[in-house]
Each structure stands twice: as C-alpha cells, then as structure tokens.
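File shown here: protein-v5.cif, holding mmCIF, C-alpha atoms.
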data_input
loop_
_atom_site.label_atom_id
_atom_site.label_comp_id
_atom_site.auth_asym_id
_atom_site.auth_seq_id
_atom_site.Cartn_x
_atom_site.Cartn_y
_atom_site.Cartn_z
CA MET W 3 11.62 -35.60 -286.24
CA THR W 4 11.11 -36.75 -289.83
CA ASP W 5 8.94 -39.67 -290.87
CA ILE W 6 10.46 -43.06 -290.14
CA ASP W 7 10.92 -43.82 -293.85
CA GLY W 8 12.90 -40.63 -294.32
CA ARG W 9 15.48 -41.29 -291.64
CA GLY W 10 17.70 -43.60 -293.64
CA TYR W 11 17.34 -46.71 -291.52
CA ALA W 12 18.44 -50.10 -292.80
CA ARG W 13 15.19 -51.72 -291.62
CA PRO W 14 12.55 -48.98 -291.36
CA ASP W 15 9.91 -51.73 -291.21
CA THR W 16 11.00 -52.52 -287.64
CA LEU W 17 9.68 -49.20 -286.36
CA VAL W 18 6.13 -47.93 -286.37
CA SER W 19 4.85 -44.49 -285.48
CA THR W 20 2.19 -43.65 -282.93
CA ASP W 21 -0.05 -42.71 -285.89
CA TRP W 22 0.42 -46.19 -287.36
CA VAL W 23 -0.52 -47.75 -284.03
CA ALA W 24 -3.60 -45.54 -283.74
CA ARG W 25 -4.71 -46.74 -287.18
CA HIS W 26 -4.25 -50.40 -286.23
CA LEU W 27 -5.91 -50.48 -282.81
CA ASP W 28 -8.60 -52.83 -284.09
CA ASP W 29 -6.40 -54.81 -286.45
CA PRO W 30 -6.56 -58.48 -285.38
CA SER W 31 -3.23 -59.19 -287.06
CA VAL W 32 -1.49 -56.73 -284.73
CA ARG W 33 -0.87 -57.24 -281.02
CA LEU W 34 0.31 -54.31 -278.93
CA VAL W 35 2.62 -55.27 -276.07
CA GLU W 36 3.60 -52.85 -273.32
CA SER W 37 6.82 -53.62 -271.43
CA ASN W 38 7.91 -51.30 -268.66
CA GLU W 39 10.40 -51.04 -265.90
CA ASP W 40 7.86 -49.50 -263.53
CA PRO W 41 5.26 -52.13 -262.53
CA LEU W 42 2.65 -49.43 -261.86
CA VAL W 43 2.67 -47.94 -265.34
CA TYR W 44 0.66 -50.48 -267.38
CA PRO W 45 -2.11 -50.88 -264.76
CA SER W 46 -2.43 -47.09 -264.53
CA GLY W 47 -3.46 -46.93 -268.20
CA HIS W 48 -2.20 -48.34 -271.50
CA ILE W 49 -2.97 -48.19 -275.20
CA PRO W 50 -6.40 -49.79 -275.68
CA GLY W 51 -6.03 -53.47 -276.46
CA ALA W 52 -2.39 -53.68 -275.35
CA VAL W 53 -1.27 -56.59 -273.21
CA GLU W 54 1.54 -56.41 -270.69
CA VAL W 55 4.70 -58.47 -270.90
CA ASP W 56 6.63 -58.01 -267.69
CA TRP W 57 10.39 -58.47 -267.86
CA THR W 58 10.66 -60.21 -264.48
CA ARG W 59 7.57 -62.39 -264.45
CA ASP W 60 7.19 -63.17 -268.15
CA LEU W 61 10.63 -63.11 -269.75
CA ASN W 62 12.93 -64.51 -267.09
CA ASP W 63 13.20 -67.98 -265.59
CA PRO W 64 12.13 -67.62 -261.94
CA LEU W 65 14.94 -69.86 -260.69
CA ARG W 66 17.92 -69.90 -263.04
CA ARG W 67 19.47 -66.71 -264.33
CA ASP W 68 18.22 -67.24 -267.85
CA TYR W 69 15.34 -66.37 -270.12
CA LEU W 70 12.18 -68.38 -270.37
CA ASP W 71 12.49 -71.67 -272.22
CA HIS W 72 10.63 -72.97 -275.24
CA GLU W 73 7.61 -74.11 -273.19
CA GLY W 74 7.53 -70.85 -271.31
CA PHE W 75 7.58 -68.85 -274.53
CA GLU W 76 4.75 -70.91 -276.00
CA ALA W 77 2.72 -70.38 -272.82
CA LEU W 78 3.38 -66.64 -273.01
CA THR W 79 2.33 -66.46 -276.66
CA ARG W 80 -0.84 -68.40 -275.88
CA ARG W 81 -1.64 -66.00 -273.04
CA ILE W 82 -1.27 -62.91 -275.21
CA GLY W 83 -3.02 -64.60 -278.13
CA ILE W 84 -0.42 -64.37 -280.86
CA THR W 85 0.71 -66.68 -283.64
CA PRO W 86 3.94 -66.51 -285.68
CA ASP W 87 1.97 -64.40 -288.17
CA THR W 88 0.94 -61.78 -285.63
CA THR W 89 2.71 -58.45 -285.95
CA VAL W 90 3.81 -57.73 -282.39
CA VAL W 91 4.36 -54.06 -281.63
CA PHE W 92 6.34 -53.42 -278.47
CA TYR W 93 6.37 -50.12 -276.63
CA GLY W 94 7.01 -49.00 -273.08
CA ASP W 95 8.51 -46.57 -270.62
CA LYS W 96 12.10 -45.38 -270.46
CA ASN W 97 12.29 -44.64 -274.20
CA ASN W 98 11.54 -48.27 -275.00
CA TRP W 99 14.37 -49.88 -272.98
CA TRP W 100 12.15 -52.69 -271.88
CA ALA W 101 10.29 -52.85 -275.15
CA CYS W 102 13.60 -53.47 -276.94
CA TYR W 103 14.49 -56.06 -274.32
CA ALA W 104 11.22 -57.92 -274.94
CA TYR W 105 11.74 -57.55 -278.71
CA TRP W 106 15.20 -59.11 -278.33
CA VAL W 107 13.91 -62.01 -276.22
CA PHE W 108 11.13 -62.69 -278.74
CA HIS W 109 13.81 -62.72 -281.43
CA LEU W 110 15.63 -65.50 -279.54
CA PHE W 111 12.58 -67.60 -280.36
CA GLY W 112 12.55 -66.49 -283.98
CA HIS W 113 9.56 -64.17 -283.72
CA ASP W 114 10.78 -61.70 -286.34
CA ASN W 115 7.40 -60.24 -287.10
CA ALA W 116 7.89 -57.54 -284.49
CA ARG W 117 8.11 -53.75 -284.37
CA ILE W 118 8.94 -51.05 -281.86
CA MET W 119 6.62 -48.05 -281.50
CA ASP W 120 8.90 -45.07 -282.02
CA GLY W 121 8.91 -42.68 -279.08
CA GLY W 122 7.44 -45.26 -276.72
CA ARG W 123 4.64 -44.81 -274.31
CA LEU W 124 5.59 -41.24 -273.41
CA LYS W 125 5.09 -40.02 -277.00
CA TRP W 126 1.65 -41.64 -277.15
CA GLN W 127 0.78 -40.02 -273.83
CA GLN W 128 2.15 -36.61 -274.77
CA GLU W 129 0.11 -36.63 -277.96
CA GLY W 130 -2.98 -36.88 -275.78
CA ARG W 131 -4.01 -40.21 -277.18
CA GLU W 132 -6.38 -42.57 -275.42
CA LEU W 133 -5.23 -44.76 -272.53
CA SER W 134 -7.32 -47.52 -271.02
CA ARG W 135 -7.24 -49.39 -267.74
CA GLU W 136 -9.14 -52.32 -269.18
CA VAL W 137 -6.95 -55.40 -269.34
CA PRO W 138 -7.85 -57.23 -272.54
CA THR W 139 -8.02 -60.98 -272.91
CA TYR W 140 -7.52 -62.79 -276.19
CA GLU W 141 -8.43 -66.23 -277.38
CA PRO W 142 -5.47 -68.50 -276.51
CA THR W 143 -3.48 -69.56 -279.55
CA GLN W 144 -1.42 -72.63 -280.34
CA TYR W 145 1.94 -71.07 -281.16
CA GLN W 146 4.47 -73.72 -282.19
CA ALA W 147 7.71 -71.99 -281.28
CA PRO W 148 11.15 -73.23 -282.25
CA GLN W 149 13.70 -73.90 -279.54
CA ARG W 150 15.38 -70.76 -278.26
CA ASP W 151 18.44 -69.98 -280.38
CA ASP W 152 21.12 -68.21 -278.34
CA SER W 153 23.81 -68.60 -280.97
CA ILE W 154 23.25 -65.53 -283.13
CA ILE W 155 22.28 -62.52 -281.03
CA ARG W 156 23.29 -63.52 -277.50
CA ALA W 157 26.82 -63.55 -276.08
CA PHE W 158 28.03 -65.52 -273.09
CA ARG W 159 31.09 -64.82 -270.99
CA ASP W 160 33.38 -67.21 -272.88
CA HIS W 161 32.41 -65.53 -276.14
CA VAL W 162 33.18 -62.20 -274.58
CA LEU W 163 36.58 -63.36 -273.31
CA SER W 164 37.45 -64.54 -276.83
CA HIS W 165 36.08 -61.30 -278.22
CA VAL W 166 38.32 -59.28 -275.90
CA ASP W 167 41.35 -61.43 -276.73
CA ALA W 168 40.70 -60.90 -280.44
CA GLY W 169 40.51 -57.14 -279.96
CA LEU W 170 36.99 -56.97 -281.39
CA PRO W 171 34.73 -54.04 -280.54
CA LEU W 172 32.48 -53.86 -277.49
CA ILE W 173 29.99 -51.15 -276.66
CA ASP W 174 29.29 -50.48 -272.98
CA VAL W 175 25.99 -48.59 -272.89
CA ARG W 176 26.01 -47.73 -269.17
CA SER W 177 26.51 -44.24 -267.80
CA PRO W 178 30.03 -42.76 -267.83
CA GLU W 179 30.11 -43.11 -264.03
CA GLU W 180 29.36 -46.83 -264.24
CA PHE W 181 31.82 -47.25 -267.12
CA SER W 182 34.64 -45.64 -265.15
CA GLY W 183 33.81 -47.61 -262.02
CA GLU W 184 33.25 -44.37 -260.17
CA ARG W 185 29.68 -45.35 -259.33
CA MET W 186 28.96 -48.93 -258.40
CA HIS W 187 26.35 -48.26 -255.79
CA MET W 188 24.78 -45.58 -253.70
CA PRO W 189 26.31 -44.62 -250.37
CA ASP W 190 24.81 -46.60 -247.48
CA TYR W 191 23.20 -49.16 -249.77
CA PRO W 192 24.27 -52.58 -250.94
CA ASN W 193 26.32 -52.55 -254.09
CA GLU W 194 24.71 -52.80 -257.46
CA GLY W 195 25.40 -56.49 -257.81
CA ALA W 196 29.09 -56.38 -258.75
CA LEU W 197 32.21 -56.66 -256.62
CA ARG W 198 34.37 -54.67 -259.03
CA GLY W 199 33.74 -51.45 -260.92
CA GLY W 200 34.98 -50.50 -264.36
CA HIS W 201 34.43 -51.94 -267.81
CA ILE W 202 35.44 -54.78 -270.10
CA PRO W 203 38.86 -53.99 -271.62
CA GLY W 204 38.64 -52.24 -274.95
CA ALA W 205 34.96 -51.32 -274.62
CA HIS W 206 33.73 -47.99 -275.94
CA ASN W 207 31.27 -46.12 -273.77
CA VAL W 208 28.15 -45.02 -275.64
CA PRO W 209 25.31 -44.54 -273.14
CA TRP W 210 22.16 -46.01 -274.67
CA GLY W 211 20.26 -42.72 -274.46
CA ARG W 212 22.53 -41.09 -277.02
CA ALA W 213 20.54 -42.92 -279.70
CA VAL W 214 17.37 -41.10 -278.65
CA ALA W 215 16.30 -37.66 -279.90
CA ASP W 216 14.86 -35.00 -277.61
CA ASP W 217 11.30 -36.06 -278.45
CA GLY W 218 11.99 -39.67 -277.44
CA THR W 219 12.11 -41.03 -281.00
CA PHE W 220 15.21 -42.65 -282.44
CA LYS W 221 17.80 -40.38 -284.05
CA THR W 222 18.26 -40.55 -287.81
CA ALA W 223 20.67 -43.05 -289.35
CA ASP W 224 23.14 -40.25 -290.13
CA GLU W 225 23.04 -39.04 -286.54
CA LEU W 226 23.51 -42.60 -285.27
CA ARG W 227 26.42 -43.24 -287.64
CA ALA W 228 28.05 -40.03 -286.41
CA ILE W 229 28.06 -41.50 -282.91
CA TYR W 230 28.91 -45.17 -283.47
CA GLU W 231 31.07 -44.88 -286.58
CA ASN W 232 32.63 -41.42 -286.80
CA GLU W 233 33.11 -41.02 -283.07
CA LYS W 234 33.69 -44.62 -281.92
CA GLY W 235 35.08 -46.15 -285.06
CA LEU W 236 32.57 -48.97 -285.55
CA SER W 237 31.96 -50.31 -289.01
CA SER W 238 28.90 -52.14 -290.26
CA ASP W 239 30.93 -55.29 -290.95
CA ASP W 240 32.25 -55.42 -287.37
CA ASP W 241 31.50 -58.26 -285.00
CA VAL W 242 30.15 -56.28 -282.03
CA VAL W 243 29.21 -57.17 -278.45
CA VAL W 244 27.01 -54.78 -276.49
CA TYR W 245 26.45 -54.91 -272.74
CA CYS W 246 25.21 -52.92 -269.74
CA ARG W 247 24.36 -54.19 -266.25
CA ILE W 248 21.89 -56.99 -266.97
CA GLY W 249 21.38 -56.68 -270.73
CA GLU W 250 18.28 -54.52 -270.85
CA ARG W 251 19.77 -51.15 -271.82
CA SER W 252 22.07 -52.92 -274.26
CA SER W 253 19.02 -54.49 -275.97
CA HIS W 254 18.14 -50.93 -276.96
CA THR W 255 21.58 -50.42 -278.52
CA TRP W 256 21.40 -53.90 -280.11
CA PHE W 257 18.15 -52.77 -281.79
CA VAL W 258 19.78 -49.55 -282.97
CA LEU W 259 22.83 -51.27 -284.43
CA THR W 260 21.06 -54.23 -286.04
CA ARG W 261 17.74 -52.75 -287.15
CA LEU W 262 18.38 -49.08 -287.68
CA LEU W 263 21.98 -49.26 -288.93
CA GLY W 264 21.81 -52.78 -290.36
CA TYR W 265 24.83 -54.32 -288.65
CA PRO W 266 24.55 -58.07 -289.26
CA GLN W 267 26.70 -59.30 -286.38
CA VAL W 268 25.82 -57.81 -283.01
CA ARG W 269 25.36 -59.88 -279.87
CA ASN W 270 23.95 -58.75 -276.57
CA TYR W 271 25.94 -59.93 -273.54
CA ASP W 272 23.08 -60.15 -271.03
CA GLY W 273 25.37 -61.41 -268.27
CA SER W 274 26.74 -57.88 -268.56
CA TRP W 275 28.38 -56.12 -265.66
CA THR W 276 26.54 -58.08 -262.97
CA GLU W 277 28.38 -61.16 -264.26
CA TRP W 278 31.67 -59.68 -265.48
CA GLY W 279 32.15 -57.53 -262.38
CA ASN W 280 31.86 -60.62 -260.20
CA LEU W 281 33.90 -63.10 -262.27
CA VAL W 282 37.15 -64.27 -260.75
CA GLY W 283 40.22 -63.45 -262.77
CA VAL W 284 38.74 -61.71 -265.78
CA PRO W 285 40.42 -58.51 -267.00
CA ILE W 286 38.85 -55.18 -266.09
CA GLU W 287 39.71 -51.64 -267.12
CA LYS W 288 38.90 -48.45 -265.26
CA MET I 27 10.98 -53.25 -239.80
CA THR I 28 11.27 -50.05 -237.79
CA TYR I 29 8.54 -47.69 -238.93
CA PRO I 30 6.33 -45.12 -237.25
CA ALA I 31 3.01 -46.72 -236.32
CA ASP I 32 0.85 -45.50 -239.20
CA LEU I 33 3.53 -46.31 -241.76
CA ARG I 34 3.80 -49.78 -240.23
CA ASP I 35 0.02 -50.15 -240.66
CA LEU I 36 0.23 -49.15 -244.32
CA VAL I 37 3.08 -51.58 -244.96
CA SER I 38 1.18 -54.38 -243.22
CA MET I 39 -1.88 -53.70 -245.34
CA LEU I 40 0.11 -53.67 -248.58
CA GLN I 41 1.77 -56.94 -247.68
CA ILE I 42 -1.49 -58.82 -247.25
CA LEU I 43 -2.88 -57.65 -250.60
CA ASP I 44 -2.36 -59.72 -253.70
CA ARG I 45 -0.16 -58.22 -256.40
CA SER I 46 -2.88 -56.59 -258.46
CA ASP I 47 -4.65 -55.09 -255.44
CA ARG I 48 -1.35 -53.79 -254.10
CA ILE I 49 -0.56 -52.21 -257.45
CA GLN I 50 -4.00 -50.63 -257.60
CA MET I 51 -3.59 -49.22 -254.11
CA LEU I 52 -0.19 -47.79 -255.02
CA ILE I 53 -1.63 -46.19 -258.17
CA ASP I 54 -4.35 -44.60 -256.04
CA ILE I 55 -1.70 -43.36 -253.61
CA ALA I 56 0.32 -41.91 -256.51
CA GLY I 57 -2.83 -40.05 -257.56
CA ARG I 58 -2.56 -37.97 -254.37
CA PHE I 59 0.87 -36.67 -255.39
CA ARG I 60 1.25 -32.90 -255.18
CA GLU I 61 4.39 -31.18 -256.36
CA VAL I 62 6.51 -29.09 -254.01
CA PRO I 63 4.79 -25.73 -253.35
CA GLU I 64 6.33 -22.72 -255.06
CA ASP I 65 7.15 -21.04 -251.76
CA ILE I 66 9.53 -23.93 -251.09
CA ALA I 67 11.09 -24.35 -254.55
CA ARG I 68 10.61 -23.24 -258.16
CA ARG I 69 11.82 -24.71 -261.41
CA PRO I 70 14.51 -25.29 -262.44
CA TYR I 71 15.10 -27.24 -259.26
CA SER I 72 18.54 -27.27 -257.73
CA ASP I 73 20.61 -30.40 -258.19
CA GLN I 74 21.22 -30.22 -254.45
CA HIS I 75 17.74 -31.63 -254.00
CA LYS I 76 17.89 -34.20 -256.76
CA VAL I 77 17.73 -37.84 -255.71
CA PRO I 78 20.89 -39.64 -256.82
CA ALA I 79 20.32 -42.66 -259.06
CA CYS I 80 16.64 -41.88 -259.56
CA GLU I 81 15.84 -42.00 -263.25
CA SER I 82 12.42 -40.51 -262.61
CA GLU I 83 14.17 -37.23 -261.77
CA ALA I 84 12.84 -37.01 -258.25
CA TYR I 85 13.66 -34.12 -255.91
CA VAL I 86 13.29 -33.90 -252.14
CA TRP I 87 13.06 -30.89 -249.81
CA ALA I 88 13.01 -31.05 -246.02
CA GLU I 89 11.27 -28.05 -244.46
CA ARG I 90 11.96 -27.56 -240.77
CA GLY I 91 8.76 -27.76 -238.75
CA ASP I 92 7.55 -25.31 -236.11
CA ASP I 93 8.58 -27.94 -233.68
CA ALA I 94 12.35 -27.99 -234.07
CA ASP I 95 12.46 -31.78 -234.10
CA THR I 96 10.23 -32.40 -237.10
CA PHE I 97 10.31 -31.81 -240.84
CA THR I 98 7.73 -31.51 -243.57
CA PHE I 99 8.94 -33.31 -246.70
CA HIS I 100 8.17 -32.05 -250.19
CA PHE I 101 8.82 -33.72 -253.52
CA ALA I 102 8.91 -33.19 -257.26
CA VAL I 103 8.97 -35.92 -259.90
CA ASP I 104 9.95 -34.69 -263.36
CA ASN I 105 8.79 -37.77 -265.23
CA PRO I 106 5.15 -38.20 -266.20
CA GLN I 107 5.68 -41.96 -266.14
CA GLY I 108 7.31 -41.92 -262.69
CA ILE I 109 4.26 -43.40 -260.98
CA SER I 110 6.23 -45.47 -258.47
CA ALA I 111 8.29 -42.41 -257.56
CA LYS I 112 5.09 -40.42 -257.00
CA ALA I 113 3.63 -43.19 -254.83
CA MET I 114 6.85 -43.30 -252.80
CA ALA I 115 6.80 -39.52 -252.43
CA VAL I 116 3.22 -39.55 -251.12
CA ILE I 117 4.01 -42.34 -248.65
CA LEU I 118 7.12 -40.58 -247.36
CA GLY I 119 5.40 -37.20 -247.24
CA GLU I 120 2.25 -38.40 -245.52
CA HIS I 121 3.86 -40.75 -243.04
CA LEU I 122 7.15 -39.10 -242.13
CA SER I 123 6.30 -35.39 -242.24
CA GLY I 124 5.77 -34.15 -238.70
CA ARG I 125 7.24 -37.27 -237.14
CA PRO I 126 10.11 -36.96 -234.63
CA VAL I 127 13.45 -36.97 -236.44
CA THR I 128 14.57 -40.01 -234.45
CA GLU I 129 11.72 -42.00 -236.03
CA VAL I 130 12.45 -40.65 -239.50
CA ALA I 131 16.16 -41.44 -239.17
CA SER I 132 15.43 -45.05 -238.29
CA VAL I 133 13.52 -45.85 -241.49
CA SER I 134 15.61 -48.01 -243.80
CA GLY I 135 15.68 -48.45 -247.56
CA ASP I 136 13.93 -51.79 -247.08
CA LEU I 137 10.76 -49.71 -247.07
CA VAL I 138 10.97 -49.86 -250.87
CA TYR I 139 10.70 -53.65 -250.93
CA ASP I 140 8.09 -53.67 -248.17
CA VAL I 141 5.92 -51.34 -250.23
CA PHE I 142 6.55 -52.49 -253.80
CA GLY I 143 7.60 -56.10 -253.32
CA ARG I 144 10.74 -57.65 -254.76
CA GLU I 145 9.80 -57.50 -258.43
CA LEU I 146 11.60 -54.25 -259.05
CA SER I 147 14.57 -53.72 -261.31
CA MET I 148 17.82 -52.78 -259.62
CA GLY I 149 17.63 -49.35 -261.22
CA LYS I 150 14.11 -48.73 -259.97
CA SER I 151 14.99 -50.02 -256.49
CA MET I 152 18.02 -47.76 -256.35
CA GLY I 153 16.03 -44.71 -257.34
CA LEU I 154 13.27 -45.33 -254.80
CA MET I 155 15.82 -46.14 -252.10
CA GLY I 156 17.49 -42.87 -252.98
CA MET I 157 14.26 -41.04 -252.15
CA VAL I 158 14.07 -42.78 -248.78
CA SER I 159 17.72 -42.02 -248.18
CA MET I 160 17.32 -38.28 -248.93
CA VAL I 161 14.50 -38.08 -246.40
CA THR I 162 16.19 -40.07 -243.65
CA GLN I 163 19.49 -38.30 -244.23
CA SER I 164 17.82 -34.96 -243.46
CA ALA I 165 16.79 -36.38 -240.10
CA LYS I 166 20.21 -37.90 -239.47
CA ASN I 167 21.93 -34.62 -240.29
CA HIS I 168 19.63 -32.78 -237.93
CA LEU I 169 20.33 -35.27 -235.15
CA ALA I 170 24.08 -34.96 -235.72
CA GLU I 171 23.88 -31.15 -235.63
CA THR I 172 21.84 -31.29 -232.43
CA ARG I 173 24.34 -33.60 -230.77
CA LEU I 174 27.22 -31.40 -231.87
CA ALA I 175 25.49 -28.32 -230.45
CA GLU I 176 24.80 -30.13 -227.18
CA THR I 177 28.42 -31.23 -226.97
CA SER I 178 29.65 -27.70 -227.67
CA ASN I 179 27.33 -26.23 -225.07
CA GLY I 180 28.38 -28.78 -222.52
CA SER I 181 32.12 -28.28 -223.03
#

Target encoding structure tokens, full file:
Amino acid sequence: MTDIDGRGYARPDTLVSTDWVARHLDDPSVRLVESNEDPLVYPSGHIPGAVEVDWTRDLNDPLRRDYLDHEGFEALTRRIGITPDTTVVFYGDKNNWWACYAYWVFHLFGHDNARIMDGGRLKWQQEGRELSREVPTYEPTQYQAPQRDDSIIRAFRDHVLSHVDAGLPLIDVRSPEEFSGERMHMPDYPNEGALRGGHIPGAHNVPWGRAVADDGTFKTADELRAIYENEKGLSSDDDVVVYCRIGERSSHTWFVLTRLLGYPQVRNYDGSWTEWGNLVGVPIEK
Amino acid sequence: MTYPADLRDLVSMLQILDRSDRIQMLIDIAGRFREVPEDIARRPYSDQHKVPACESEAYVWAERGDDADTFTFHFAVDNPQGISAKAMAVILGEHLSGRPVTEVASVSGDLVYDVFGRELSMGKSMGLMGMVSMVTQSAKNHLAETRLAETSNGS
C-alpha cells in the first residue's frame, strides 16, 4: 500500500501510519486510544502509553440507548488526560471498526483533532512493534466540552423515514446475508435483536470491509470511488445515510465517505437495524 | 446453569472475580491455546468445521474418544487478535473433552455470558456462542444417532 499522502484522500490528515505513531510515542500532545470489540485485547498488550476507551462502558449511556452526555464526555476526557488541543489517535481490532466508532462519538462533541491509525492494531502487531501491558495514567485535565451535537453526523429514525421518502441514498454496510434478511440469527439462539429481516428500502449494500485492503489499511481514493460511485452510483454532493446493526460498522463507512472521499453530508443512523427491524409499520425490503 | 462439575467450578470462580481479575484470568487461559494437531486437520481448514457467525474465524473438530460416548474437541482460531475465541476454545477443550456426551449436550450458550460477563457485543457473543453450539451439537448428533441405532435394533 502506498503512503497515506499518495492515496488521493480528501483529508489525508485524518489518518496516521504506524510509523508516525511509533515516532510520537512520547509526544505529550498526542494521546493514543485503543478501542476494541474484544474486551481481552487491550489488557493482553497495547501500544505503550495507549489508554483504552471501551465502547460499552465509556461511550454508551448505561441506562438509555444513547451515547454519553456532555458531563460523561468531560469525565472521559479527564480520565484519559486530553484537552481540545490533544491529537487523539484511535486504533483497534477488527480493522478499526471500534476505533472509527469512538472517533465518530468524539466528533459528536466537536473533538475534531483526531486521527485513525491506518491498519489498526493488527498492522502494528504484525510489524513486530512493541506492546505493553502497563496501563498508563495521565494527569486529569479540565476539558470544557460543548454540548453533544447530533444534528450533523447522526441520523434518527424520523430523518431516515424522510430520507427514504425523498429517495435519497442509503448505504447498508452489513453482510449480504443480513442485508437480504437471510440471516437474522443463528439456529437455536435468540435472534439478533430484530423481529424482521431485510433492509431499509432503497439501500445499497456495501459491506464495510470492502473499504479495507488486504493488509488492513484503507483502500486508495480511486479504489473507494470505484466501489461507492462507479458501482453504487453515489456522488460526493449526495446526502447519504449509512447504517448497520447498531451503528458501529457504519461508523467505519462514515469515516471512509467523509474523511477519505470528502463527502460533506453523511449521517450515521446508529439506531440501525436493531431499531428499524423492530419498528412497527416502517417499510422493509428483502 | 447445567455444567459438568469442574466447568461449574471455573464459572463460579470467574463470577466472583472483579472485572479486571476475570479478564486477566481469561487472558491466561487463552495463553494455553494450542491449535488443532495436524493429524486431525491441516490448513486450509474445511468450511464444514468453521463456526458460523464467528468473526475470529474459529474452527471446531470433534474427535471420537476411545470410549464411544466421549469426544476430544480441537480448535483453530485464524485471527491473532481472537483472544476471547482462544480462551473459549481452551475452556471448551479442557472441560468438555472426555466428558459423557449427555453432559456436553446439556451445556447452553449462556456459558458465554457466565464466562465473559454481559459486556460483549452482539457479534462477539454470537461468535462465541457459535463455538459452544458446534461442540454441543456434536454431542447432540451423537446422541441422536445412538437413539436411532437403538430404535432400529429394537424394531
């Protein structure tokens, strides 16, 4: 894979390489944040100095189905010792699914000074770079965060209904089996949280992983445009809604469309299929 | 929970540990993971043995024991970051291999939550439950075959 600057991205500054991270391990203006799906991964070893932000415990409200509020975000930023000026570099397992999810949630609070480490944790590991089990602590900060702004990059079900009625594009990033409704759950186990299978009418199916090259890094802008534009007909001036099952995989695609391809109007519908597939009376396609 | 005695002991121990101690214990357990021996299976592994819905690319083999009513379970996990899958494989392999198939068949997918707690994503839960299901299904199939044979012999 070519250098990040040579891949034609709209915002190459939102990605950093593993080399860049290695050079900034002791940089006090940089905070490394590991976000994983697997709760055993960070404690088993992480990039030295990296803190963990856990998607269940740190980013979600424990009671309501919603993200943490303004106070919760300030508490989180104090814990990990960042200020609005800190460059936060997210990375994690699953080709940065959860890192992109954390990046997206931080963006709801206006923390734009953030990057994703290209290739994620696996690339760092495969390059034989150092991992540490030492959990760092940082001097608590006094981060004055703005109120969470859900209006720009987050979609709710009423927005999505209007979006569907207007015939605007949606990208469903789940697997083809989930998209078709063929697979809702495993035999003998409770369903995956939705009473109906299928997809939101008019949605295109582009599984999130198609944006990832064989080595785990993001594909080039030309390769990405071939998928989203040539194949699926998106255009950079489209108003786009992306979704998956709970909004985590679609955060990855939101990052690709907004940061790598520069689409200005993309919203992540985090209610996703676990909401839509349970809503009474909404249209569904199979 | 219906578990063989030593698995029940392990689950009880995990449940009294605080989160970080439980995680540490599970990491230590994952460290004992050994891939399926080559006399049982070689790469590329057959999709027949692949755990459905497991994004860690886990595989399960059930080797019939000398005693006709037991199995030895073997695993592969094709994801270097699949630490939970490796821990689950070790727990299933160590605690259900050599146990009577009736005991193996009675283990439910709740084992995943009893071992890891509830803070798992749906995808991760599904994958780990898939590993449990592959193991218990081997036992259930064996029991069904045995009953069928007994019925045929008796008729």

One-decimal distance in Å that lies between CA of Arg90 in chain I and CA of Met152 in chain I: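 Pair CA of Met152 in chain I / CA of Arg90 in chain I returns 26.2 Å.
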
From the list I:Val86, I:Leu146, I:Val77, I:Ala102, which residue is nearest Arg60 in chain I when using only C-alpha atoms?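 Going through I:Val86, I:Leu146, I:Val77, I:Ala102 one by one, the smallest distance to Arg60 in chain I is for I:Ala102.
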
Hey, what's within 10 Å of range 165-171 of chain I if we count only C-alpha atoms and toss same-chain stuff fewer than 4 positions away? As a list of chain:residue names, please? I:Ala88, I:Arg90, I:Ala94, I:Asp95, I:Thr96, I:Phe97, I:Pro126, I:Val127, I:Thr128, I:Glu129, I:Val130, I:Ala131, I:Ser132, I:Ser159, I:Met160, I:Val161, I:Ala175, I:Glu176, I:Thr177

Contact residues (chain I, partner chain W, 7 Å, only C-alpha atoms) as number ranges by chain: I: 49, 53, 107, 109-110, 145, 147

Between CA of Ala12 in chain W and CA of Tyr265 in chain W, what distance in Å does the model show, to one decimal? 8.7 Å
